[in-house]
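Since the structure comes first, as structure tokens, the remarks are kept for the end.
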Amino acid sequence: MKCKIRFLGFLFPPAGQVITMLFLFCTAVIAQEQSPQAEMIFGSTFHREYRFNDTYYDTFRASGMNFLSQYADPDPDAKEKLDGINFMAVNNMFPSEWIQFYSTAYYSKWEAEENQQIWDKVGVKHSYGDTATFEGRKCWSTEGLSGPASSLMYGPHYHQEKIYKRWYPDSLNYDRTNVEYTPRFNMALKVNDYIAPDEVICRLYVVATYRRQEDGQIVGEDIDTLLTVDTLRASDFFPYGEFRDYSPPLYKYPVEFQDPHIGNDKMDYSHTQGVHFFDRWGGQGVQFCIDWLRSDEKCNLYIDYIEVYDNDGGDDFADDLPLVIDNIVDYAQNFTQQDWPNMKYWVGPDEPGSIDSYLPMKTVDSILDSINAPRLITKFYPWWEVTVNNDTQLVKYYNTVHPEKLMIDFFPFTEWWSQARFEDWDRTREMFQICHTLQQGFWYQAQAFGILENGQWNNYRRPDTAEFKAQTMLALAHGSRGIINEPFTSLGTTRGIIDENGNPITPQNIYSVIKYNLVPRLKGKLGNTLKKLTYTGNFLQFQYEDQQSPSGPAVHDFVTLDECIPSTQIRNWHCGLFEDSVYLDTKYFLLTNLITTDD
């Protein structure tokens, strides 16, 4: 059967350059039209401070965007302004807003019988002991040991958060840095011969492994810091043979572990000043450890699992799950679908950065699903380095939480570069590709902002219109079905799509691009076509950055990217390959130019 090809290209060449690089080896014909599916999501985020402001909502509606991230305020005036706009609810003003409170708690559970063999991978590890079954539970045990074992158990080696992802108003005096953790070891002791009550059995302790970071540079070798410790004696296990919980004192990280701040609670990701502690490489992070202290075989220790939780929400997951369920159900039922038909999701934590966040999010989402409430959606930052503690964090998050809708943010436009670099685009498309392998039709929270301080961009700069369009099309070229531009409003040093500057109605150039270019196309032919297509996961990349870069043709299946006349001009083309979801012999491609200025 002859394949049919259609072009979904998005071309905006640098000034003075001529596009000569597209060759097709099949004749393009018009594919049969199908009934459109759900509308493409193209929206933005609002600061909750503007939820009563008619002007902003009128300006948003005039843009043509169709989705919003905003606080769901029961006040009739604020609620009315959301009428007709589908939105996800970011209710994070008070601790009693239980969906946000519990989804930002920290709780993890680790099975002791796990035996991770790769030293720099996340997982429970052992130098001594073996698996065993005791009282019907599979455990890690000291069976066969006749002497002390200083590393009966250690690991898992993972980055823990040192700050809460809770953004309550300053008036609440909520200390986001006051994260205290409780470790809890579930164990049993079987006694084979008489042991005096005061005889030592084992030592429980928690260790943080890290590197020093001095003025932005990581120096030296890994360092271990003891966070808490407890020694257990035979009397602690009375009555013998029963599994119980054992907790060393709670622990809190030294302040050097916190990411440095630049004011207004914003993080300084450049880490340019002072000494800080870094724990996101393989073999680093928190360890829950047990040393076996016996020199005989009079008893055996059986370890079932280890829990760790924060003491402001995570403790409820550990000790009172019915309370978690009741609080979430009661709160969610204040926002029925009858009264809030346009609420599509509840928003979880902002960029969760630790494995400890995953089970709380999964649990909250399951509770919402059980009562047919809007599900939880989380803006997940997949880390520039891709891996955290030698694990691909985005994959680990998705496979643990299984969110109904995968949404990431990833911001390629920084103050240090006036134009996004090849590596910025390459890392962005790498994230999109990972997202597609996890969930077709993922959402992307795109960068439409900069941080402006004293007239200068700080860390992030607002993209120009060409970069903004390229970012949008690159996401679409990877099969994204939802793009949320962050943010629509400006507040403090954050400059968004609408910039006050003393006048609340000052749309930036990006606003015009959205209203007159992107929205009409996404509501028109381009969007209607994309809705019936499936991204195949295949793409072509045609790049030339310098004389060392390859410049030969990029070929896959029915498309070849090449030049009519060889050139040494800088170029960066991405071509995503699609197929019709019904007529599989009808092929499409979306071509995006990622060089947005003329050198």
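Chain identifiers are assigned as A, B, and so on, following the order in which chains appear in the structure tokens; residues are numbered from 1 within each chain, and ligands are numbered from 1 in order of appearance.
Near Leu359 (chain A), within a cut-off of 12 Å and counting only C-alpha atoms, sit the residues Tyr102, Ser103, Thr104, Ala105, Tyr106, Tyr107, Ser108, Lys109, Trp110, Glu307, Val308, Tyr309, Gly314, Phe317, Ala318, Pro352, Asp365, Ser366, Lys396, Tyr397, Tyr398, Asn399, Thr400, Val401, His402 and Pro403 of chain A, with same-chain residues fewer than 6 positions away left out.
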Listing only residues of region 429-470 of chain A within 10 Å of region 589-596 of chain A, what is the closest atom pair and its distance in Å (to one decimal) for each, using only C-alpha atoms, sorted by chain and residue number ascending, as a Markdown table?
```
| residue | atom | partner | partner_atom | distance |
| --- | --- | --- | --- | --- |
| A:Asp464 | CA | A:Thr596 | CA | 9.0 |
| A:Thr465 | CA | A:Thr596 | CA | 9.0 |
| A:Ala466 | CA | A:Thr596 | CA | 5.6 |
| A:Glu467 | CA | A:Thr596 | CA | 6.1 |
| A:Phe468 | CA | A:Thr596 | CA | 9.6 |
| A:Lys469 | CA | A:Thr596 | CA | 9.3 |
| A:Ala470 | CA | A:Leu594 | CA | 6.0 |
```
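Taking CA of Gly220 (chain A) as the reference point, CA of Pro382 (chain A) is found at 26.8 Å.
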- Query: If you run DSSP on this backbone, which residues of region 33-75 of chain A come out as alpha helix (DSSP H), and could you give them as an NGL selection string?
  - Reply: :A and (54-63)
Next, the residues of the selection above should be written as a compact mmCIF listing (two decimals), in the first residue's frame with all heavy atoms.
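Final file, selection_0.txt:
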```
# COMPACT_ATOMS: atom_id res chain seq x y z
N ASP A 54 -10.99 41.02 37.70
CA ASP A 54 -11.69 40.84 36.43
C ASP A 54 -10.80 41.10 35.23
O ASP A 54 -10.90 40.42 34.20
CB ASP A 54 -12.90 41.78 36.36
CG ASP A 54 -14.06 41.29 37.20
OD1 ASP A 54 -14.39 40.09 37.10
OD2 ASP A 54 -14.63 42.10 37.96
N THR A 55 -9.93 42.10 35.33
CA THR A 55 -9.11 42.49 34.19
C THR A 55 -8.25 41.34 33.70
O THR A 55 -8.15 41.09 32.50
CB THR A 55 -8.22 43.70 34.56
OG1 THR A 55 -9.05 44.77 34.99
CG2 THR A 55 -7.40 44.13 33.37
N TYR A 56 -7.62 40.63 34.62
CA TYR A 56 -6.76 39.53 34.22
C TYR A 56 -7.56 38.40 33.56
O TYR A 56 -7.13 37.81 32.57
CB TYR A 56 -5.99 39.00 35.42
CG TYR A 56 -4.83 39.89 35.82
CD1 TYR A 56 -4.92 40.74 36.91
CD2 TYR A 56 -3.66 39.89 35.08
CE1 TYR A 56 -3.86 41.56 37.27
CE2 TYR A 56 -2.60 40.69 35.42
CZ TYR A 56 -2.70 41.53 36.52
OH TYR A 56 -1.66 42.35 36.87
N TYR A 57 -8.72 38.11 34.13
CA TYR A 57 -9.54 37.04 33.53
C TYR A 57 -10.06 37.45 32.15
O TYR A 57 -10.09 36.63 31.23
CB TYR A 57 -10.70 36.69 34.46
CG TYR A 57 -10.29 35.82 35.61
CD1 TYR A 57 -9.97 36.37 36.85
CD2 TYR A 57 -10.19 34.44 35.46
CE1 TYR A 57 -9.58 35.56 37.91
CE2 TYR A 57 -9.81 33.63 36.51
CZ TYR A 57 -9.49 34.20 37.73
OH TYR A 57 -9.10 33.40 38.78
N ASP A 58 -10.44 38.69 31.99
CA ASP A 58 -10.90 39.16 30.67
C ASP A 58 -9.76 39.06 29.65
O ASP A 58 -9.98 38.65 28.50
CB ASP A 58 -11.39 40.61 30.77
CG ASP A 58 -12.68 40.75 31.56
OD1 ASP A 58 -13.36 39.71 31.77
OD2 ASP A 58 -12.99 41.88 31.99
N THR A 59 -8.57 39.44 30.08
CA THR A 59 -7.42 39.39 29.17
C THR A 59 -7.06 37.94 28.84
O THR A 59 -6.70 37.61 27.71
CB THR A 59 -6.21 40.09 29.81
OG1 THR A 59 -6.59 41.39 30.26
CG2 THR A 59 -5.07 40.23 28.81
N PHE A 60 -7.18 37.06 29.83
CA PHE A 60 -6.93 35.65 29.59
C PHE A 60 -7.93 35.08 28.58
O PHE A 60 -7.55 34.40 27.62
CB PHE A 60 -6.99 34.86 30.90
CG PHE A 60 -6.85 33.37 30.72
CD1 PHE A 60 -5.60 32.79 30.58
CD2 PHE A 60 -7.97 32.55 30.67
CE1 PHE A 60 -5.46 31.42 30.40
CE2 PHE A 60 -7.84 31.18 30.50
CZ PHE A 60 -6.59 30.62 30.36
N ARG A 61 -9.20 35.36 28.79
CA ARG A 61 -10.22 34.85 27.87
C ARG A 61 -10.00 35.38 26.45
O ARG A 61 -10.17 34.65 25.47
CB ARG A 61 -11.61 35.23 28.37
CG ARG A 61 -12.11 34.40 29.55
CD ARG A 61 -13.53 34.77 29.93
NE ARG A 61 -14.12 33.81 30.84
CZ ARG A 61 -14.02 33.87 32.17
NH1 ARG A 61 -13.35 34.88 32.71
NH2 ARG A 61 -14.57 32.96 32.94
N ALA A 62 -9.59 36.64 26.36
CA ALA A 62 -9.35 37.23 25.03
C ALA A 62 -8.20 36.57 24.30
O ALA A 62 -8.14 36.60 23.07
CB ALA A 62 -9.09 38.73 25.17
N SER A 63 -7.29 35.94 25.04
CA SER A 63 -6.14 35.27 24.40
C SER A 63 -6.56 34.02 23.66
O SER A 63 -5.84 33.55 22.77
CB SER A 63 -5.09 34.92 25.46
OG SER A 63 -5.52 33.81 26.25
```
- Item | Backbone-only DSSP, strand (DSSP E) members of region 130-197 of chain A, as a PyMOL selection string | chain A and resi 130-134+137-141+149-153+156-158+181-191
So that I can see what lies close to region 84-100 of chain A, please list as a short mmCIF file (atom, residue, chain, number, x, y, z; two decimals) with N, CA, C and O atoms, in the first residue's frame the residues with an atom at most 8 Å from it, counting only C-alpha atoms and leaving out residues fewer than 4 positions away in the same chain.
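And here is the file that came out, around33.cif:
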```cif
data_model
loop_
_atom_site.label_atom_id
_atom_site.label_comp_id
_atom_site.auth_asym_id
_atom_site.auth_seq_id
_atom_site.Cartn_x
_atom_site.Cartn_y
_atom_site.Cartn_z
N ASN A 66 -7.38 27.94 26.86
CA ASN A 66 -8.55 27.18 27.32
C ASN A 66 -8.35 26.44 28.63
O ASN A 66 -9.19 25.60 29.00
N PHE A 67 -7.27 26.69 29.33
CA PHE A 67 -7.03 25.95 30.56
C PHE A 67 -6.23 26.82 31.51
O PHE A 67 -5.39 27.62 31.08
N LEU A 68 -6.48 26.64 32.82
CA LEU A 68 -5.88 27.52 33.81
C LEU A 68 -5.46 26.71 35.03
O LEU A 68 -6.08 25.70 35.37
N SER A 69 -4.41 27.16 35.67
CA SER A 69 -4.02 26.66 36.98
C SER A 69 -4.27 27.79 37.97
O SER A 69 -3.66 28.85 37.86
N GLN A 70 -5.18 27.56 38.93
CA GLN A 70 -5.59 28.65 39.82
C GLN A 70 -6.16 28.09 41.11
O GLN A 70 -6.58 26.93 41.18
N TYR A 71 -6.17 28.92 42.12
CA TYR A 71 -6.75 28.59 43.41
C TYR A 71 -8.28 28.49 43.28
O TYR A 71 -8.91 29.37 42.68
N ALA A 72 -8.85 27.42 43.82
CA ALA A 72 -10.31 27.23 43.80
C ALA A 72 -10.89 27.83 45.07
O ALA A 72 -10.92 27.19 46.13
N THR A 104 2.09 16.86 49.96
CA THR A 104 3.42 17.43 50.16
C THR A 104 4.11 16.85 51.39
O THR A 104 5.15 17.36 51.81
N ARG A 166 5.56 23.53 50.49
CA ARG A 166 4.30 24.14 50.91
C ARG A 166 4.47 25.64 50.88
O ARG A 166 5.39 26.17 51.51
N TRP A 167 3.59 26.32 50.17
CA TRP A 167 3.76 27.75 49.90
C TRP A 167 2.67 28.56 50.59
O TRP A 167 1.91 29.26 49.96
N TYR A 168 2.57 28.40 51.89
CA TYR A 168 1.57 29.15 52.64
C TYR A 168 1.96 30.62 52.74
O TYR A 168 3.14 30.96 52.72
N PRO A 169 0.96 31.51 52.87
CA PRO A 169 1.29 32.93 53.03
C PRO A 169 2.18 33.16 54.25
O PRO A 169 2.11 32.44 55.24
N ASN A 327 -9.85 13.08 56.13
CA ASN A 327 -9.58 14.51 55.89
C ASN A 327 -9.66 14.85 54.40
O ASN A 327 -10.24 15.86 54.01
N ILE A 328 -9.09 13.98 53.56
CA ILE A 328 -9.10 14.25 52.13
C ILE A 328 -10.51 14.13 51.56
O ILE A 328 -10.95 14.98 50.77
N TYR A 331 -12.61 17.13 52.65
CA TYR A 331 -12.24 18.36 51.94
C TYR A 331 -12.68 18.31 50.48
O TYR A 331 -13.26 19.28 49.95
N ALA A 332 -12.42 17.19 49.81
CA ALA A 332 -12.76 17.08 48.38
C ALA A 332 -14.26 17.20 48.15
O ALA A 332 -14.71 17.73 47.12
N ASN A 342 -16.00 22.52 36.03
CA ASN A 342 -14.83 22.87 35.23
C ASN A 342 -13.51 22.57 35.95
O ASN A 342 -12.44 22.82 35.41
N MET A 343 -13.57 22.03 37.18
CA MET A 343 -12.35 21.63 37.87
C MET A 343 -11.95 20.24 37.37
O MET A 343 -12.69 19.27 37.54
N LYS A 344 -10.78 20.13 36.77
CA LYS A 344 -10.36 18.87 36.15
C LYS A 344 -9.30 18.12 36.95
O LYS A 344 -9.19 16.91 36.83
N TYR A 345 -8.50 18.82 37.75
CA TYR A 345 -7.46 18.18 38.56
C TYR A 345 -7.27 18.96 39.85
O TYR A 345 -7.53 20.17 39.92
N TRP A 346 -6.78 18.25 40.87
CA TRP A 346 -6.19 18.87 42.04
C TRP A 346 -4.67 18.86 41.86
O TRP A 346 -4.10 17.84 41.45
N VAL A 347 -4.03 19.97 42.19
CA VAL A 347 -2.59 20.07 41.99
C VAL A 347 -1.85 19.62 43.24
O VAL A 347 -2.19 20.03 44.37
N GLY A 348 -0.84 18.78 43.04
CA GLY A 348 -0.02 18.28 44.13
C GLY A 348 1.18 19.17 44.38
O GLY A 348 1.16 20.37 44.08
N PRO A 349 2.26 18.62 44.91
CA PRO A 349 3.42 19.44 45.27
C PRO A 349 4.09 20.05 44.05
O PRO A 349 4.00 19.52 42.94
N VAL A 364 -2.79 9.87 48.01
CA VAL A 364 -3.78 10.94 47.85
C VAL A 364 -4.55 10.76 46.54
O VAL A 364 -5.78 10.90 46.50
#
```
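Counting from CA of Ile514 (chain A), the distance to CA of Gly527 (chain A) is 13.8 Å.
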- Which one of A:Asp175, A:Glu579, A:Glu404, A:Glu49 sits closest to Asp312 (chain A) if you count only C-alpha atoms?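 That would be A:Asp175, the residue with the smallest distance to Asp312 (chain A).
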- Task: Please indicate the distance in Å from CA of Gly455 (chain A) to CA of Asp215 (chain A), rounded to one decimal place.
- Result: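 Rounded to one decimal, the two atoms are 24.9 Å apart.
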- Nearest to Asp296 (chain A) by atom-to-atom distance, counting only C-alpha atoms, from A:Val219, A:Ile434, A:Ile325, A:Leu145: A:Leu145
- Task: Have a look at A:Asp83, A:Asp315, A:Glu297, A:Asp339 and name the one nearest to Gly147 (chain A); count only C-alpha atoms.
- Result: A:Glu297
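Between Thr133 (chain A) and the residues A:Ala188, A:Leu226, A:Leu526, A:Val582, the shortest atom-to-atom distance, using only C-alpha atoms, involves A:Ala188.
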- Message: Env of Met187 (chain A): 6 Å cut, atoms = only C-alpha atoms, seq-sep filter 6 positions within chain, self excluded. Answer as a list in words.
- Response: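 In the requested format, the answer is Phe243, Arg244, Tyr302, Ile303 and Asp304 of chain A.
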Output all heavy atoms for every residue in the selection just made, as a PDB file, in the first residue's frame.
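File written: part_17.pdb
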```pdb
ATOM      1  N   PHE A 243       7.124  -9.035  66.090  1.00  0.00           N
ATOM      2  CA  PHE A 243       7.562  -7.876  65.300  1.00  0.00           C
ATOM      3  C   PHE A 243       7.006  -6.596  65.925  1.00  0.00           C
ATOM      4  O   PHE A 243       5.815  -6.482  66.215  1.00  0.00           O
ATOM      5  CB  PHE A 243       7.068  -7.996  63.850  1.00  0.00           C
ATOM      6  CG  PHE A 243       7.903  -8.913  63.004  1.00  0.00           C
ATOM      7  CD1 PHE A 243       7.501 -10.216  62.768  1.00  0.00           C
ATOM      8  CD2 PHE A 243       9.092  -8.472  62.456  1.00  0.00           C
ATOM      9  CE1 PHE A 243       8.266 -11.064  61.996  1.00  0.00           C
ATOM     10  CE2 PHE A 243       9.869  -9.305  61.670  1.00  0.00           C
ATOM     11  CZ  PHE A 243       9.453 -10.614  61.445  1.00  0.00           C
ATOM     12  N   ARG A 244       7.892  -5.640  66.146  1.00  0.00           N
ATOM     13  CA  ARG A 244       7.498  -4.338  66.661  1.00  0.00           C
ATOM     14  C   ARG A 244       8.352  -3.259  66.008  1.00  0.00           C
ATOM     15  O   ARG A 244       9.371  -3.551  65.354  1.00  0.00           O
ATOM     16  CB  ARG A 244       7.666  -4.280  68.182  1.00  0.00           C
ATOM     17  CG  ARG A 244       6.646  -5.106  68.942  1.00  0.00           C
ATOM     18  CD  ARG A 244       6.652  -4.759  70.433  1.00  0.00           C
ATOM     19  NE  ARG A 244       7.946  -4.992  71.041  1.00  0.00           N
ATOM     20  CZ  ARG A 244       8.401  -6.181  71.434  1.00  0.00           C
ATOM     21  NH1 ARG A 244       7.643  -7.258  71.261  1.00  0.00           N
ATOM     22  NH2 ARG A 244       9.575  -6.291  71.990  1.00  0.00           N
ATOM     23  N   TYR A 302      15.458 -10.444  63.054  1.00  0.00           N
ATOM     24  CA  TYR A 302      14.725 -10.485  61.793  1.00  0.00           C
ATOM     25  C   TYR A 302      14.190  -9.072  61.514  1.00  0.00           C
ATOM     26  O   TYR A 302      13.464  -8.497  62.328  1.00  0.00           O
ATOM     27  CB  TYR A 302      13.570 -11.485  61.872  1.00  0.00           C
ATOM     28  CG  TYR A 302      14.040 -12.902  62.091  1.00  0.00           C
ATOM     29  CD1 TYR A 302      14.196 -13.391  63.389  1.00  0.00           C
ATOM     30  CD2 TYR A 302      14.368 -13.730  61.011  1.00  0.00           C
ATOM     31  CE1 TYR A 302      14.652 -14.689  63.605  1.00  0.00           C
ATOM     32  CE2 TYR A 302      14.825 -15.021  61.216  1.00  0.00           C
ATOM     33  CZ  TYR A 302      14.966 -15.493  62.508  1.00  0.00           C
ATOM     34  OH  TYR A 302      15.427 -16.780  62.725  1.00  0.00           O
ATOM     35  N   ILE A 303      14.574  -8.541  60.368  1.00  0.00           N
ATOM     36  CA  ILE A 303      14.201  -7.171  59.985  1.00  0.00           C
ATOM     37  C   ILE A 303      13.193  -7.260  58.850  1.00  0.00           C
ATOM     38  O   ILE A 303      13.507  -7.806  57.777  1.00  0.00           O
ATOM     39  CB  ILE A 303      15.431  -6.366  59.523  1.00  0.00           C
ATOM     40  CG1 ILE A 303      16.582  -6.549  60.507  1.00  0.00           C
ATOM     41  CG2 ILE A 303      15.080  -4.890  59.355  1.00  0.00           C
ATOM     42  CD1 ILE A 303      17.933  -6.210  59.895  1.00  0.00           C
ATOM     43  N   ASP A 304      12.003  -6.710  59.065  1.00  0.00           N
ATOM     44  CA  ASP A 304      10.951  -6.787  58.049  1.00  0.00           C
ATOM     45  C   ASP A 304      11.020  -5.589  57.102  1.00  0.00           C
ATOM     46  O   ASP A 304      11.136  -5.750  55.885  1.00  0.00           O
ATOM     47  CB  ASP A 304       9.586  -6.857  58.722  1.00  0.00           C
ATOM     48  CG  ASP A 304       8.474  -7.172  57.722  1.00  0.00           C
ATOM     49  OD1 ASP A 304       8.783  -7.430  56.535  1.00  0.00           O
ATOM     50  OD2 ASP A 304       7.300  -7.151  58.114  1.00  0.00           O
TER      51      ASP A 304
END
```
- Any idea what's packed within 10 Å of Glu545 (chain A), counting only C-alpha atoms, ignoring anything in its chain fewer than 6 positions away? Could you give it as JSON, numbers by chain? {"A": [421, 422, 551, 568, 569, 570, 571, 572]}
